[in-house]
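Chemist: A single structure is presented below for examination.
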Amino acid sequence: MRPLSAKIGALPPSATIEISNTAKKMKQQGIDVISLSIGEPDFDTPDHIKQACISALLAGETHYAPSAGTPALLSAIAEKIGGENNVPCSPGDVIVTCGAKDAIYEAFEAVLNPGDEALLLDPSWVSYEPGVRIAGGTPVHHHLSEETFQVDDTFLEKVTRKTRMIVVNSPSNPSGAVFTDRSLRMIADLCIDHDLIALSDEIYEKLVYGGAVHRSLGSIDGMAERTITVNGFSKAYAMTGWRLGYAVAPPAVLAQMIKVQQHTISHPTTFAMAGGVAALKGDQSCVEAMRVEFDRRRQYLLGALADLGYSTAPAEGAFYAYVKTGGDDLAIAKQWLLEAHVAVTPGTAFSTPGWLRLSYAASLETLKTAVDRIRVLNGN
Ligand SMILES: Cc1ncc(COP(=O)(O)O)c(C=O)c1O
C-alpha cells in the first residue's frame with residue numbers, strides 16, 4: 001500500500017482515551033482498576049431528558065433534520081445563550097453538532113488556512129492541538145502561569161502576523177481554573193487589536209465552585225462578532241453518549257461550519273436533539289444536584305491530596321484535580337496504574353509535563369480507595 005495521510009499519521013492518539021482503554025483491558029483481566037482518567041460524569045442522564053427522546057423516536061422523528069439542527073433546539077439554545085450568557089443570539093446564529101468536540105473541529109476547519117496559527121493556552125485540552133493540525137493550521141502554545149493559571153501580558157509574545165485564532169477554555173480542563181474578568185478582558189483586547197477569532201469552549205460552565213463565576217467571552221464588549229462560543233450537553237446533563245453539542249458563531253463563520261457539517265455528519269441524530277430541548281427547557285435542579293455532588297468530592301480530593309503532600313491547580317471549575325508531581329508525569333502515571341491500579345492522565349497530554357490530572361467524576365467511595373492506594377504506594 002502506498003503511504004497514507006502524513007498529516008493524520010503525525011497526530012498522537014488521544015491520551016485520555018488510550019489510558020482509559022488500558023484501564024479497561026486490565027479490568028477485563030480481572031484487575032480491580034480505579035479509573036480517574038476520563039472526563040465523564042458518573043451520573044445517568046436525567047429521566048425527563050430520556051423520556052423526551054423516547055417520545056420523539058416513537059412519534060417518528062427518525063428522518064433527516066435541517067443541517068444546522070432542529071428549529072426547536074436552535075431556539076432553545078438561542079434563548080439560553082442570549083438570556084444566561086449575555087451573548088446576543090438568535091436561532092440563525094446557532095449550529096447543533098455531534099458533541100462539543102465536533103463543534104470545535106468544524107470551527108477550526110471553518111476558520112483556518114494552511115499556515116495560520118492558533119494560540120493555545122497551556123495546559124490545554126488534548127484535542128485542540130490535533131484539531132488545529134487536521135484543519136491545516138499551526139498550533140502555538142503559550143504556557144499560563146503555574147501559580148494562577150490566568151492570562152498575563154506575556155501571551156502577547158506569541159502573537160505573530162500569522163495568528164488567526166485563540167482557543168479559550170474556562171472553566172479549564174485540566175486545570176479547573178476559571179478565567180477572571182481581567183483575563184477575559186486581556187483576551188478580548190488581544191483579539192480586537194490583532195483581528196483574531198476566539199474559540200471559547202464553555203462546556204464546563206455549569207460546574208463552578210466556591211464562589212467562582214463563569215462569564216462568557218462573547219459577552220464582553222466587541223467580542224460577540226469575533227467569538228465562536230462552544231458548549232454542549234455532555235458535562236452539565238450527563239449526556240456524553242448522546243453526542244450533542246453546539247456552537248454560536250458570527251454569520252460568516254457559521255456559514256462555513258454549516259458547509260463542513262453538510263458534507264460530513266449532515267446533523268446530529270434527530271431524536272437526540274429532542275432530548276437537548278428537554279435538557280435546556282426543563283427543570284435545572286438536576287444540574288445543580290450534580291454540581292453539589294461534584295463539589296463534595298472536589299473538597300474531599302483536594303484535602304486528601306494536600307495531606308499526601310501534593311499541590312494542585314485552582315480547581316474552581318470542571319471536575320478535575322490537576323496535581324503537581326515535581327517529577328516525570330508519564331512514569332508516575334504508569335506506576336500508579338501498574339502498581340496501585342489507579343488510572344490518571346499525565347500532564348504531558350495537556351502540554352504541561354510534570355502534572356497529573358485526576359478526575360473526580362467518580363463516587364466518594366471510589367476516590368477514597370484511590371487515595372488510600374496512592375498513600376500506600378508513596379509509603380505515607
Ligand atoms: C474542554 C473540553 N471540550 C470539549 C469536550 C468535548 O465534549 P463533548 O462530549 O460534548 O464532545 C470535552 C470532553 O472531554 C472537554 O473536556
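Quick note on naming: the chains in the C-alpha cells go A, B, ... in the order shown, residues restart at 1 in each chain, and ligands are numbered from 1 in order of appearance.
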Give the residues close to ligand 1, within 8 Å, counting only C-alpha atoms and all ligand atoms; write them as a count of residues only.
Modeler: 31
Chemist: If we count only C-alpha atoms and set the cut-off at 9 Å, which residues sit around region 46-54 of chain A, ignoring sequence neighbours fewer than 2 positions away in its own chain? Please answer as a list of chain:residue names.
Modeler: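 What passes the distance filter is A:Phe43, A:Asp44, A:Ala56, A:Leu57, A:Leu58, A:Ala59, A:Tyr237, A:Ala238, A:Met239, A:Phe271, A:Ala272, A:Met273, A:Ala274, A:Gly275, A:Gly276, A:Val277, A:Ala278, A:Ala279, A:Gly282, A:Asp283, A:Cys286.
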Chemist: Export C-alpha atoms of the chosen residues as a compact mmCIF listing (two decimals), in the first residue's frame?
Modeler:
# COMPACT_ATOMS: atom_id res chain seq x y z
CA PHE A 43 -24.39 10.06 36.75
CA ASP A 44 -27.11 8.83 34.44
CA ALA A 56 -39.63 11.85 19.70
CA LEU A 57 -38.46 8.46 18.47
CA LEU A 58 -41.93 6.94 18.91
CA ALA A 59 -43.53 9.96 17.24
CA TYR A 237 -26.59 16.99 31.85
CA ALA A 238 -24.53 13.76 31.95
CA MET A 239 -25.21 13.15 28.24
CA PHE A 271 -34.41 12.34 18.14
CA ALA A 272 -31.35 13.06 20.32
CA MET A 273 -31.98 16.74 19.59
CA ALA A 274 -35.41 16.40 21.24
CA GLY A 275 -33.53 15.36 24.40
CA GLY A 276 -31.44 18.52 24.06
CA VAL A 277 -34.58 20.68 24.04
CA ALA A 278 -35.83 18.94 27.21
CA ALA A 279 -32.45 19.46 28.86
CA GLY A 282 -36.72 21.50 31.65
CA ASP A 283 -36.13 21.77 35.38
CA CYS A 286 -30.66 18.06 38.16
Chemist: CA of Leu196 (chain A) to CA of Val87 (chain A): how many Å, to one decimal?
Modeler: 17.9 Å
Chemist: Near Pro71 (chain A), within 12 Å and counting only C-alpha atoms, which residues show up once chain neighbours fewer than 2 positions away are dropped, as a VMD selection string?
Modeler: chain A and resid 65 to 69 73 to 78 90 to 96 270 273 to 274 276 to 277
Chemist: Output N, CA and C atoms for every residue in the selection just made, as a short mmCIF file (atom, residue, chain, number, x, y, z; two decimals), in the first residue's frame.
Modeler:
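Just written: out_3.cif:
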data_model
loop_
_atom_site.label_atom_id
_atom_site.label_comp_id
_atom_site.auth_asym_id
_atom_site.auth_seq_id
_atom_site.Cartn_x
_atom_site.Cartn_y
_atom_site.Cartn_z
N ALA A 65 -32.97 16.06 9.52
CA ALA A 65 -33.40 17.37 10.04
C ALA A 65 -32.62 18.44 9.26
N PRO A 66 -32.95 19.72 9.45
CA PRO A 66 -32.12 20.77 8.82
C PRO A 66 -30.67 20.63 9.30
N SER A 67 -29.70 20.94 8.43
CA SER A 67 -28.31 20.61 8.81
C SER A 67 -27.81 21.39 10.02
N ALA A 68 -28.33 22.57 10.29
CA ALA A 68 -27.85 23.29 11.49
C ALA A 68 -28.50 22.75 12.76
N GLY A 69 -29.57 21.95 12.63
CA GLY A 69 -30.25 21.42 13.81
C GLY A 69 -31.75 21.65 13.73
N LEU A 73 -34.57 23.04 18.83
CA LEU A 73 -33.32 23.11 19.60
C LEU A 73 -32.55 24.40 19.31
N LEU A 74 -32.58 24.85 18.07
CA LEU A 74 -31.90 26.12 17.75
C LEU A 74 -32.50 27.26 18.58
N SER A 75 -33.84 27.24 18.72
CA SER A 75 -34.49 28.30 19.51
C SER A 75 -34.12 28.17 20.98
N ALA A 76 -34.14 26.93 21.50
CA ALA A 76 -33.84 26.74 22.92
C ALA A 76 -32.41 27.20 23.23
N ILE A 77 -31.49 26.91 22.32
CA ILE A 77 -30.09 27.31 22.54
C ILE A 77 -29.96 28.83 22.47
N ALA A 78 -30.61 29.43 21.45
CA ALA A 78 -30.53 30.90 21.31
C ALA A 78 -31.06 31.59 22.56
N SER A 90 -29.56 34.73 18.04
CA SER A 90 -30.86 34.31 17.51
C SER A 90 -30.67 32.88 16.98
N PRO A 91 -31.78 32.17 16.72
CA PRO A 91 -31.63 30.77 16.28
C PRO A 91 -30.74 30.65 15.04
N GLY A 92 -30.73 31.67 14.20
CA GLY A 92 -29.91 31.63 12.99
C GLY A 92 -28.41 31.78 13.24
N ASP A 93 -28.02 31.99 14.50
CA ASP A 93 -26.59 32.11 14.84
C ASP A 93 -26.03 30.81 15.39
N VAL A 94 -26.87 29.74 15.40
CA VAL A 94 -26.51 28.51 16.13
C VAL A 94 -26.34 27.34 15.17
N ILE A 95 -25.41 26.44 15.52
CA ILE A 95 -25.32 25.14 14.85
C ILE A 95 -25.27 24.07 15.93
N VAL A 96 -26.05 23.01 15.75
CA VAL A 96 -26.03 21.88 16.69
C VAL A 96 -25.11 20.82 16.08
N THR A 270 -31.57 13.06 14.95
CA THR A 270 -32.77 13.90 15.07
C THR A 270 -33.46 13.74 16.44
N MET A 273 -31.80 15.29 19.45
CA MET A 273 -31.98 16.74 19.59
C MET A 273 -33.22 17.08 20.42
N ALA A 274 -34.22 16.18 20.39
CA ALA A 274 -35.41 16.40 21.24
C ALA A 274 -35.01 16.32 22.72
N GLY A 276 -32.14 17.25 23.81
CA GLY A 276 -31.44 18.52 24.06
C GLY A 276 -32.41 19.63 24.42
N VAL A 277 -33.56 19.65 23.74
CA VAL A 277 -34.58 20.68 24.04
C VAL A 277 -35.07 20.48 25.48
#
Chemist: Please give the complete set of residues from region 10-251 of chain A that DSSP, run on the backbone, assigns to strand (DSSP E), formatted as a PyMOL selection string.
Modeler: chain A and resi 34-35+94-97+117-122+138-143+163-169+197-201+227-232+245-248
